[in-house]
Every structure is written in structure tokens, then in C-alpha cells.
>>> print(open('upload_14.csv').read())   # CSV, C-alpha atoms
chain,number,residue,atom,x,y,z
P,1,MET,CA,31.5,18.3,-15.7
P,2,ALA,CA,30.4,15.3,-17.7
P,3,ALA,CA,30.4,13.2,-14.5
P,4,ARG,CA,28.2,15.8,-12.8
P,5,ARG,CA,25.7,15.8,-15.7
P,6,THR,CA,25.5,12.0,-15.6
P,7,ARG,CA,24.7,11.9,-11.9
P,8,GLY,CA,22.2,14.7,-12.3
P,9,THR,CA,20.2,12.9,-15.0
P,10,THR,CA,20.6,9.3,-13.8
P,11,GLY,CA,19.0,10.0,-10.3
P,12,PRO,CA,15.6,11.3,-11.6
P,13,ASP,CA,15.5,8.5,-14.3
P,14,VAL,CA,16.0,5.8,-11.7
P,15,SER,CA,13.3,7.4,-9.5
P,16,ARG,CA,10.8,7.7,-12.3
P,17,SER,CA,11.3,4.0,-13.3
P,18,THR,CA,10.8,2.9,-9.7
P,19,VAL,CA,7.7,5.0,-9.4
P,20,ALA,CA,6.4,3.5,-12.7
P,21,ARG,CA,7.2,0.0,-11.5
P,22,ALA,CA,5.5,0.5,-8.1
P,23,ALA,CA,2.4,2.0,-9.8
P,24,SER,CA,2.2,-1.0,-12.2
P,25,ILE,CA,2.4,-3.4,-9.3
P,26,ALA,CA,-0.3,-1.4,-7.5
P,27,GLU,CA,-2.6,-1.6,-10.5
P,28,GLN,CA,-2.1,-5.4,-10.7
P,29,LEU,CA,-2.8,-5.7,-7.0
P,30,ARG,CA,-6.0,-3.6,-7.3
P,31,TYR,CA,-7.2,-6.1,-10.0
P,32,GLU,CA,-6.2,-9.1,-7.9
P,33,CYS,CA,-7.9,-7.6,-4.8
P,34,SER,CA,-11.2,-7.2,-6.8
P,35,ILE,CA,-11.1,-10.9,-7.8
P,36,LEU,CA,-10.3,-11.9,-4.1
P,37,LEU,CA,-13.2,-9.9,-2.8
P,38,GLU,CA,-15.5,-11.5,-5.4
P,39,LEU,CA,-14.3,-15.0,-4.6
P,40,TYR,CA,-14.7,-14.4,-0.8
P,41,ARG,CA,-18.3,-13.0,-1.2
P,42,GLU,CA,-19.2,-16.1,-3.2
P,43,LYS,CA,-17.5,-18.4,-0.7
P,44,GLU,CA,-19.3,-16.8,2.3
P,45,SER,CA,-22.6,-15.8,0.5
P,46,PHE,CA,-22.0,-12.1,1.1
P,47,THR,CA,-23.7,-9.5,-1.0
P,48,ALA,CA,-21.5,-6.8,-2.6
P,49,ASP,CA,-23.1,-4.1,-0.4
P,50,VAL,CA,-22.3,-5.8,2.9
P,51,LEU,CA,-21.4,-3.1,5.4
P,52,VAL,CA,-17.9,-2.8,6.8
P,53,ASP,CA,-17.3,0.1,9.3
P,54,GLY,CA,-14.2,2.2,9.7
P,55,ARG,CA,-10.6,1.8,8.8
P,56,LEU,CA,-8.4,-0.8,10.4
P,57,VAL,CA,-5.1,0.8,9.5
P,58,SER,CA,-3.9,3.7,11.6
P,59,VAL,CA,-1.8,6.4,9.9
P,60,ALA,CA,-1.6,10.2,9.9
P,61,PRO,CA,-4.4,11.9,8.0
P,62,PRO,CA,-3.7,12.9,4.4
P,63,SER,CA,-2.6,16.4,3.6
P,64,SER,CA,-1.6,18.2,0.4
P,65,GLN,CA,1.0,20.0,2.5
P,66,LEU,CA,3.0,16.8,3.1
P,67,ALA,CA,6.4,16.5,1.5
P,68,THR,CA,7.1,13.6,-0.9
P,69,ARG,CA,9.0,11.7,1.8
P,70,ASP,CA,6.1,12.0,4.3
P,71,LYS,CA,3.6,10.9,1.7
P,72,LEU,CA,5.7,7.8,0.9
P,73,TRP,CA,6.2,7.1,4.6
P,74,ARG,CA,2.5,7.3,5.2
P,75,LEU,CA,1.8,5.0,2.3
P,76,HIS,CA,4.5,2.5,3.2
P,77,SER,CA,3.4,2.4,6.8
P,78,ALA,CA,-0.2,1.7,5.8
P,79,LEU,CA,0.8,-1.1,3.4
P,80,MET,CA,3.0,-2.7,6.1
P,81,GLN,CA,0.0,-2.7,8.4
P,82,CYS,CA,-2.1,-4.2,5.7
P,83,ARG,CA,0.3,-7.0,5.2
P,84,SER,CA,0.4,-7.8,9.0
P,85,LEU,CA,-3.5,-7.8,9.0
P,86,LEU,CA,-3.6,-10.0,5.9
P,87,GLU,CA,-1.1,-12.5,7.3
P,88,ARG,CA,-3.2,-12.7,10.5
P,89,ALA,CA,-6.4,-13.1,8.6
P,90,ILE,CA,-5.0,-16.0,6.6
P,91,ALA,CA,-3.7,-17.6,9.8
P,92,ARG,CA,-7.1,-17.2,11.6
P,93,GLU,CA,-9.0,-18.6,8.6
P,94,GLU,CA,-6.8,-21.7,8.6
P,95,GLU,CA,-7.0,-22.1,12.4
P,96,GLU,CA,-10.8,-21.6,12.7
P,97,LEU,CA,-12.1,-22.7,9.3
P,98,GLY,CA,-9.5,-25.4,8.4
P,99,GLY,CA,-7.1,-25.3,5.5
P,100,GLY,CA,-8.9,-28.0,3.5
P,101,LYS,CA,-8.5,-28.3,-0.2
P,102,LYS,CA,-6.7,-25.5,-1.9
P,103,GLY,CA,-8.8,-23.9,-4.6
P,104,ASP,CA,-9.2,-20.6,-6.6
P,105,TYR,CA,-9.8,-18.6,-3.4
P,106,GLU,CA,-6.7,-19.8,-1.6
P,107,THR,CA,-4.6,-19.3,-4.7
P,108,GLN,CA,-5.9,-15.8,-5.2
P,109,ARG,CA,-5.4,-15.0,-1.5
P,110,LYS,CA,-1.7,-16.0,-1.7
P,111,MET,CA,-1.3,-14.0,-5.0
P,112,VAL,CA,-2.6,-10.8,-3.2
P,113,LYS,CA,-0.3,-11.4,-0.3
P,114,ASP,CA,2.8,-11.9,-2.6
P,115,ARG,CA,1.9,-8.9,-4.7
P,116,LEU,CA,1.5,-6.7,-1.6
P,117,SER,CA,4.9,-7.7,-0.5
P,118,TYR,CA,6.4,-6.7,-3.9
P,119,LEU,CA,4.6,-3.3,-3.7
P,120,LEU,CA,6.2,-2.9,-0.2
P,121,ILE,CA,9.6,-3.5,-1.6
P,122,CYS,CA,9.1,-0.8,-4.2
P,123,THR,CA,7.6,1.8,-1.8
P,124,GLY,CA,10.5,1.1,0.6
P,125,GLU,CA,13.0,1.8,-2.3
P,126,LEU,CA,11.2,5.1,-3.1
P,127,LEU,CA,11.1,6.1,0.5
P,128,LYS,CA,14.9,5.6,0.8
P,129,THR,CA,15.4,7.6,-2.4
P,130,ALA,CA,13.4,10.4,-1.0
P,131,GLY,CA,15.6,10.5,2.1
P,132,GLY,CA,13.3,8.6,4.4
P,133,THR,CA,13.9,5.3,6.3
P,134,ALA,CA,11.8,2.3,5.4
P,135,LEU,CA,10.2,0.7,8.4
P,136,LEU,CA,11.7,-2.6,9.3
P,137,THR,CA,8.6,-3.6,11.3
P,138,PRO,CA,5.1,-2.0,11.1
P,139,SER,CA,3.6,-0.3,14.1
P,140,LEU,CA,1.0,-2.8,15.3
P,141,GLU,CA,-0.4,-0.6,18.1
P,142,GLY,CA,-4.2,-0.4,17.8
P,143,LEU,CA,-4.4,-3.0,15.1
P,144,GLU,CA,-7.1,-5.7,15.5
P,145,LEU,CA,-4.8,-8.6,15.0
P,146,ASP,CA,-6.6,-11.2,17.0
P,147,GLY,CA,-10.0,-10.6,15.5
P,148,PRO,CA,-13.4,-11.8,16.9
P,149,THR,CA,-14.1,-15.3,18.2
P,150,VAL,CA,-17.7,-15.6,16.9
P,151,LEU,CA,-17.6,-17.3,13.6
P,152,PHE,CA,-19.7,-14.9,11.6
P,153,GLU,CA,-17.9,-11.9,13.0
P,154,LEU,CA,-14.6,-13.5,12.2
P,155,LYS,CA,-15.7,-13.9,8.6
P,156,LEU,CA,-16.7,-10.2,8.5
P,157,TRP,CA,-13.4,-9.2,10.0
P,158,VAL,CA,-11.5,-11.1,7.3
P,159,TYR,CA,-13.6,-9.4,4.7
P,160,ARG,CA,-12.9,-6.0,6.3
P,161,ILE,CA,-9.1,-6.8,6.0
P,162,PHE,CA,-9.5,-7.6,2.3
P,163,LYS,CA,-11.4,-4.4,1.8
P,164,GLU,CA,-8.7,-2.5,3.7
P,165,VAL,CA,-6.0,-3.9,1.4
P,166,ASP,CA,-8.1,-2.9,-1.6
P,167,TYR,CA,-8.6,0.7,-0.2
P,168,TRP,CA,-4.9,1.2,0.4
P,169,THR,CA,-4.0,-0.3,-2.9
P,170,LYS,CA,-6.2,2.3,-4.6
P,171,THR,CA,-4.6,5.0,-2.4
P,172,ALA,CA,-1.2,3.8,-3.5
P,173,ILE,CA,-2.2,4.2,-7.2
P,174,THR,CA,-3.4,7.7,-6.6
P,175,THR,CA,-0.3,8.7,-4.6
P,176,LEU,CA,2.2,7.1,-7.0
P,177,GLU,CA,0.6,8.5,-10.1
P,178,ALA,CA,0.8,12.0,-8.7
P,179,LEU,CA,4.4,11.6,-7.5
P,180,PRO,CA,6.4,12.5,-10.7
P,181,SER,CA,4.8,15.9,-10.9
P,182,VAL,CA,5.2,16.5,-7.2
P,183,ILE,CA,8.9,15.6,-7.4
P,184,ALA,CA,9.4,17.9,-10.4
P,185,LYS,CA,7.8,20.8,-8.5
P,186,GLU,CA,10.0,20.1,-5.4
P,187,ARG,CA,13.1,20.1,-7.7
P,188,VAL,CA,12.1,23.4,-9.4
P,189,MET,CA,11.6,25.3,-6.1
P,190,PRO,CA,15.2,25.2,-4.9
P,191,SER,CA,16.5,26.2,-8.3
P,192,ARG,CA,14.1,29.2,-8.3
P,193,VAL,CA,15.4,30.2,-4.9
P,194,ARG,CA,19.0,30.0,-6.1
P,195,THR,CA,18.1,32.0,-9.2
P,196,THR,CA,16.4,34.7,-7.0
P,197,ARG,CA,19.5,34.9,-4.8
P,198,SER,CA,21.9,35.2,-7.6
P,199,THR,CA,19.8,38.0,-9.2
P,200,ARG,CA,19.8,39.9,-5.9
P,201,ARG,CA,23.6,39.7,-5.8
>>> encode(input="upload_14.csv", output="C-alpha cells")
Amino acid sequence: MAARRTRGTTGPDVSRSTVARAASIAEQLRYECSILLELYREKESFTADVLVDGRLVSVAPPSSQLATRDKLWRLHSALMQCRSLLERAIAREEEELGGGKKGDYETQRKMVKDRLSYLLICTGELLKTAGGTALLTPSLEGLELDGPTVLFELKLWVYRIFKEVDYWTKTAITTLEALPSVIAKERVMPSRVRTTRSTRR
């Protein structure tokens, strides 16, 4: 009996701590993304209202009807695509624009990439806890990994990728902050079903 109670209480606690850790990393990433975007705008003399059209990442549309596992899978998939795009953007910048001297921008760019990788580890852990399978490799179908060849368009493409990472980081915060209450509701529903069945008997 005691062993059963321990397993019953330990699982939710571990899950909540992982959610809290992932949300904290996402908050840090959001802040670091805002700095990266500002540094890039300064570097390329872009204004804050420069237009970037459409999403680069391709996932299923959001829905309040999705189960926790499906919401986490959608988020994890989007973040993996973001990392692939970010890695390609960094490679293209270094190929076309030259590595040159490393400054604040390059340092911040690496910080965002590393933080995104940490967030992916956390969402992967959550996905496994929820009964899903973390993607080993992202689906790259439809992603603009090569980017344009014209220099100015290449710079806009890199900016779009930074904006995409920022967008999905904010989405991660919203999803993760809502997760504890969603998990609690999903746990209550089976117990209510069992209670109803036992009452009928």
C-alpha cells in the first residue's frame, strides 16, 4: 500500500518539476531571442516593423481538443524544426557573409541555439512522460533550408528564422504554463468515470 502511494505521488511531482523547468528555460529563451533580434536589426539596419510573411515551421494547427501528448508532440516538432532552421541560418551567414570577428551578435546567436537545444531536451522528456515518442530527427519536408541567393533576401530570411524561433518560444511558454491544469483535468476524468461505474454497481 505504501509503495503504491509513493508511486502515485512521485510521478505527478516529477512531471510538474519538468514542466516548471521547461517553462523557465522557455522564458530565458524568449528574453535571449529579443536581444538577438535587436542585435540583428542593428547589425543589418532593419527597423523593428520590417515585414516578414508567413510561418516557416509546418505543424498541425492548434486545437483545444488536442490531448496533452498531442500538444507536446506539436510543440516538440515545431521546436526541432526551429533548431534545424537556426543551424542552417548560422551556416549560411558564415558561408555568405564570412565568420569574421566574433562579437555580441555571434555570442547571442550561439546562446539562443544552445538554449533552444536545452528546451528541446525538456519537451522531449515531457513527451515521453505523456506517453509519446520524442522525434529523433525533425521532419524537414517543406522547410526553406537553403534560403535565397540574393544577399538582401538572405538577410531577410535569416531574420525570419529568428522571428520564427521567437514565435515558437512564446508558444512554448503558453503551452507549458497551461499544462499543469490540463494534466490535472485529464487525471480527474478517469477517476470520475470509475466513481460513476462503481455507483451504478
>>> atom_distance(input="upload_14.csv", atom1="atom CA of Ser77 of chain P", atom2="atom CA of Glu93 of chain P")
24.5 Å
>>> closest_residue(input="upload_14.csv", among="P:Gly54, P:Arg16, P:Met111, P:Thr175", to="Lys71 of chain P", atoms="all atoms listed in the file")
P:Thr175
>>> residues_around(input="upload_14.csv", residues="Glu177 of chain P", least_positions_apart="5", cutoff="9 Å", atoms="all atoms listed in the file", output="short mmCIF file (atom, residue, chain, number, x, y, z; two decimals) with C-alpha atoms, in the frame of the given file")
data_model
loop_
_atom_site.label_atom_id
_atom_site.label_comp_id
_atom_site.auth_asym_id
_atom_site.auth_seq_id
_atom_site.Cartn_x
_atom_site.Cartn_y
_atom_site.Cartn_z
CA VAL P 19 7.70 5.00 -9.40
CA ALA P 20 6.40 3.50 -12.70
CA ALA P 23 2.40 2.00 -9.80
CA ALA P 172 -1.20 3.80 -3.50
#
>>> atom_distance(input="upload_14.csv", atom1="atom CA of Ala89 of chain P", atom2="atom CA of Ile161 of chain P")
7.3 Å
>>> closest_residue(input="upload_14.csv", among="P:Leu156, P:Ala78, P:Arg30, P:Ser24", to="Gly124 of chain P", atoms="only C-alpha atoms")
P:Ala78
>>> closest_residue(input="upload_14.csv", among="P:Lys43, P:Glu106, P:Trp157, P:Leu75", to="Leu120 of chain P", atoms="only C-alpha atoms")
P:Leu75
>>> residues_near_point(input="upload_14.csv", point="(-4.2, -1.4, -9.1)", cutoff="10 Å", atoms="only C-alpha atoms", output="list of chain:residue names")
P:Ala22, P:Ala23, P:Ser24, P:Ile25, P:Ala26, P:Glu27, P:Gln28, P:Leu29, P:Arg30, P:Tyr31, P:Glu32, P:Cys33, P:Ser34, P:Asp166, P:Trp168, P:Thr169, P:Lys170, P:Thr171, P:Ala172, P:Ile173, P:Thr174
>>> write_last_selection(input="upload_14.csv", atoms="C-alpha atoms", output="short mmCIF file (atom, residue, chain, number, x, y, z; two decimals), in the frame of the given file")
data_model
loop_
_atom_site.label_atom_id
_atom_site.label_comp_id
_atom_site.auth_asym_id
_atom_site.auth_seq_id
_atom_site.Cartn_x
_atom_site.Cartn_y
_atom_site.Cartn_z
CA ALA P 22 5.50 0.50 -8.10
CA ALA P 23 2.40 2.00 -9.80
CA SER P 24 2.20 -1.00 -12.20
CA ILE P 25 2.40 -3.40 -9.30
CA ALA P 26 -0.30 -1.40 -7.50
CA GLU P 27 -2.60 -1.60 -10.50
CA GLN P 28 -2.10 -5.40 -10.70
CA LEU P 29 -2.80 -5.70 -7.00
CA ARG P 30 -6.00 -3.60 -7.30
CA TYR P 31 -7.20 -6.10 -10.00
CA GLU P 32 -6.20 -9.10 -7.90
CA CYS P 33 -7.90 -7.60 -4.80
CA SER P 34 -11.20 -7.20 -6.80
CA ASP P 166 -8.10 -2.90 -1.60
CA TRP P 168 -4.90 1.20 0.40
CA THR P 169 -4.00 -0.30 -2.90
CA LYS P 170 -6.20 2.30 -4.60
CA THR P 171 -4.60 5.00 -2.40
CA ALA P 172 -1.20 3.80 -3.50
CA ILE P 173 -2.20 4.20 -7.20
CA THR P 174 -3.40 7.70 -6.60
#
>>> atom_distance(input="upload_14.csv", atom1="atom CA of Leu119 of chain P", atom2="atom CA of His76 of chain P")
9.0 Å
>>> closest_residue(input="upload_14.csv", among="P:Leu86, P:Leu151, P:Ala178, P:Arg160", to="Arg55 of chain P", atoms="all atoms listed in the file")
P:Arg160
>>> closest_residue(input="upload_14.csv", among="P:Glu44, P:Glu87, P:Glu38, P:Asp53", to="Lys110 of chain P", atoms="all atoms listed in the file")
P:Glu87
>>> residues_around(input="upload_14.csv", residues="Ser64 of chain P", least_positions_apart="2", cutoff="12 Å", atoms="all atoms listed in the file", output="list in words")
Pro61, Pro62, Leu66, Ala67, Thr68, Asp70, Lys71, Thr175, Ala178, Leu179 and Val182 of chain P
>>> residues_around(input="upload_14.csv", residues="Tyr159 of chain P", least_positions_apart="4", cutoff="8 Å", atoms="all atoms listed in the file", output="compact mmCIF listing (two decimals) with C-alpha atoms, in the frame of the given file")
# COMPACT_ATOMS: atom_id res chain seq x y z
CA LEU P 37 -13.20 -9.90 -2.80
CA TYR P 40 -14.70 -14.40 -0.80
CA LYS P 155 -15.70 -13.90 8.60
CA LYS P 163 -11.40 -4.40 1.80
>>> residues_around(input="upload_14.csv", residues="Val158 of chain P", least_positions_apart="3", cutoff="12 Å", atoms="all atoms listed in the file", output="mmCIF file with C-alpha atoms, in the coordinates of the input")
data_model
loop_
_atom_site.group_PDB
_atom_site.id
_atom_site.type_symbol
_atom_site.label_atom_id
_atom_site.label_comp_id
_atom_site.auth_asym_id
_atom_site.auth_seq_id
_atom_site.Cartn_x
_atom_site.Cartn_y
_atom_site.Cartn_z
ATOM 1 C CA LEU P 36 -10.300 -11.900 -4.100
ATOM 2 C CA LEU P 37 -13.200 -9.900 -2.800
ATOM 3 C CA TYR P 40 -14.700 -14.400 -0.800
ATOM 4 C CA ARG P 41 -18.300 -13.000 -1.200
ATOM 5 C CA GLU P 44 -19.300 -16.800 2.300
ATOM 6 C CA VAL P 52 -17.900 -2.800 6.800
ATOM 7 C CA LEU P 56 -8.400 -0.800 10.400
ATOM 8 C CA CYS P 82 -2.100 -4.200 5.700
ATOM 9 C CA LEU P 85 -3.500 -7.800 9.000
ATOM 10 C CA LEU P 86 -3.600 -10.000 5.900
ATOM 11 C CA GLU P 87 -1.100 -12.500 7.300
ATOM 12 C CA ARG P 88 -3.200 -12.700 10.500
ATOM 13 C CA ALA P 89 -6.400 -13.100 8.600
ATOM 14 C CA ILE P 90 -5.000 -16.000 6.600
ATOM 15 C CA ALA P 91 -3.700 -17.600 9.800
ATOM 16 C CA ARG P 92 -7.100 -17.200 11.600
ATOM 17 C CA GLU P 93 -9.000 -18.600 8.600
ATOM 18 C CA GLU P 94 -6.800 -21.700 8.600
ATOM 19 C CA GLU P 96 -10.800 -21.600 12.700
ATOM 20 C CA LEU P 97 -12.100 -22.700 9.300
ATOM 21 C CA ARG P 109 -5.400 -15.000 -1.500
ATOM 22 C CA GLU P 144 -7.100 -5.700 15.500
ATOM 23 C CA LEU P 145 -4.800 -8.600 15.000
ATOM 24 C CA ASP P 146 -6.600 -11.200 17.000
ATOM 25 C CA GLY P 147 -10.000 -10.600 15.500
ATOM 26 C CA PRO P 148 -13.400 -11.800 16.900
ATOM 27 C CA THR P 149 -14.100 -15.300 18.200
ATOM 28 C CA LEU P 151 -17.600 -17.300 13.600
ATOM 29 C CA PHE P 152 -19.700 -14.900 11.600
ATOM 30 C CA GLU P 153 -17.900 -11.900 13.000
ATOM 31 C CA LEU P 154 -14.600 -13.500 12.200
ATOM 32 C CA LYS P 155 -15.700 -13.900 8.600
ATOM 33 C CA ILE P 161 -9.100 -6.800 6.000
ATOM 34 C CA PHE P 162 -9.500 -7.600 2.300
ATOM 35 C CA LYS P 163 -11.400 -4.400 1.800
ATOM 36 C CA GLU P 164 -8.700 -2.500 3.700
ATOM 37 C CA VAL P 165 -6.000 -3.900 1.400
#
>>> closest_residue(input="upload_14.csv", among="P:Arg69, P:Lys113, P:Lys102, P:Arg21", to="Lys128 of chain P", atoms="all atoms listed in the file")
P:Arg69
>>> decode(input="upload_14.csv", residues="segment 95-130 of chain P", atoms="N, CA and C atoms", output="CSV table (one decimal), in the first residue's frame")
chain,number,residue,atom,x,y,z
P,95,GLU,N,28.9,31.3,-44.4
P,95,GLU,CA,29.3,31.0,-45.7
P,95,GLU,C,29.3,32.2,-46.6
P,96,GLU,N,28.2,33.0,-46.5
P,96,GLU,CA,27.9,34.1,-47.5
P,96,GLU,C,28.5,35.4,-46.9
P,97,LEU,N,28.4,35.6,-45.6
P,97,LEU,CA,28.8,36.9,-45.0
P,97,LEU,C,30.2,36.8,-44.3
P,98,GLY,N,30.7,35.6,-44.2
P,98,GLY,CA,32.0,35.4,-43.5
P,98,GLY,C,31.9,35.4,-42.0
P,99,GLY,N,32.7,34.5,-41.4
P,99,GLY,CA,32.7,34.5,-39.9
P,99,GLY,C,33.1,35.7,-39.3
P,100,GLY,N,34.3,36.2,-39.7
P,100,GLY,CA,34.9,37.4,-39.1
P,100,GLY,C,35.1,37.4,-37.6
P,101,LYS,N,35.2,38.5,-37.1
P,101,LYS,CA,35.5,38.7,-35.6
P,101,LYS,C,34.2,38.4,-34.9
P,102,LYS,N,34.3,37.6,-33.8
P,102,LYS,CA,33.1,37.2,-33.0
P,102,LYS,C,32.8,38.3,-32.0
P,103,GLY,N,31.6,38.8,-32.1
P,103,GLY,CA,31.1,39.9,-31.2
P,103,GLY,C,29.9,39.5,-30.4
P,104,ASP,N,29.2,40.6,-29.9
P,104,ASP,CA,28.0,40.3,-29.1
P,104,ASP,C,26.9,39.6,-29.9
P,105,TYR,N,26.8,39.9,-31.2
P,105,TYR,CA,25.7,39.2,-32.0
P,105,TYR,C,26.0,37.7,-32.1
P,106,GLU,N,27.3,37.4,-32.5
P,106,GLU,CA,27.6,36.0,-32.6
P,106,GLU,C,27.5,35.2,-31.3
P,107,THR,N,27.9,35.9,-30.2
P,107,THR,CA,27.7,35.2,-28.9
P,107,THR,C,26.3,35.0,-28.5
P,108,GLN,N,25.4,36.0,-28.8
P,108,GLN,CA,24.0,35.9,-28.5
P,108,GLN,C,23.3,34.8,-29.4
P,109,ARG,N,23.8,34.7,-30.6
P,109,ARG,CA,23.2,33.7,-31.6
P,109,ARG,C,23.5,32.3,-31.1
P,110,LYS,N,24.7,32.1,-30.6
P,110,LYS,CA,25.1,30.8,-30.1
P,110,LYS,C,24.3,30.5,-28.8
P,111,MET,N,24.1,31.5,-28.0
P,111,MET,CA,23.3,31.4,-26.7
P,111,MET,C,21.9,30.9,-27.0
P,112,VAL,N,21.3,31.5,-28.0
P,112,VAL,CA,19.9,31.2,-28.4
P,112,VAL,C,19.9,29.7,-28.9
P,113,LYS,N,20.8,29.4,-29.7
P,113,LYS,CA,20.9,28.0,-30.2
P,113,LYS,C,21.0,27.0,-29.1
P,114,ASP,N,21.9,27.2,-28.2
P,114,ASP,CA,22.2,26.3,-27.0
P,114,ASP,C,20.9,26.2,-26.2
P,115,ARG,N,20.3,27.4,-25.9
P,115,ARG,CA,19.1,27.4,-25.0
P,115,ARG,C,17.9,26.6,-25.7
P,116,LEU,N,17.8,26.8,-27.0
P,116,LEU,CA,16.8,26.1,-27.7
P,116,LEU,C,17.0,24.6,-27.6
P,117,SER,N,18.3,24.1,-27.7
P,117,SER,CA,18.6,22.7,-27.5
P,117,SER,C,18.2,22.2,-26.1
P,118,TYR,N,18.4,23.0,-25.1
P,118,TYR,CA,18.0,22.6,-23.7
P,118,TYR,C,16.5,22.5,-23.6
P,119,LEU,N,15.8,23.4,-24.3
P,119,LEU,CA,14.3,23.4,-24.2
P,119,LEU,C,13.8,22.1,-24.9
P,120,LEU,N,14.5,21.7,-26.0
P,120,LEU,CA,14.1,20.5,-26.7
P,120,LEU,C,14.3,19.3,-25.9
P,121,ILE,N,15.4,19.2,-25.1
P,121,ILE,CA,15.6,18.1,-24.2
P,121,ILE,C,14.4,18.0,-23.2
P,122,CYS,N,14.0,19.1,-22.6
P,122,CYS,CA,12.9,19.1,-21.7
P,122,CYS,C,11.6,18.7,-22.3
P,123,THR,N,11.2,19.3,-23.5
P,123,THR,CA,10.0,18.9,-24.1
P,123,THR,C,10.0,17.4,-24.5
P,124,GLY,N,11.2,16.9,-24.9
P,124,GLY,CA,11.3,15.5,-25.2
P,124,GLY,C,11.0,14.6,-24.0
P,125,GLU,N,11.5,15.1,-22.8
P,125,GLU,CA,11.2,14.3,-21.6
P,125,GLU,C,9.8,14.3,-21.3
P,126,LEU,N,9.1,15.5,-21.4
P,126,LEU,CA,7.7,15.6,-21.1
P,126,LEU,C,6.9,14.8,-22.1
P,127,LEU,N,7.3,14.8,-23.3
P,127,LEU,CA,6.6,14.0,-24.3
P,127,LEU,C,6.6,12.5,-24.0
P,128,LYS,N,7.8,12.0,-23.6
P,128,LYS,CA,7.9,10.6,-23.2
P,128,LYS,C,7.0,10.3,-21.9
P,129,THR,N,7.0,11.2,-21.0
P,129,THR,CA,6.2,11.1,-19.8
P,129,THR,C,4.7,11.0,-20.1
P,130,ALA,N,4.3,11.7,-21.1
P,130,ALA,CA,2.9,11.8,-21.5
P,130,ALA,C,2.5,10.6,-22.4
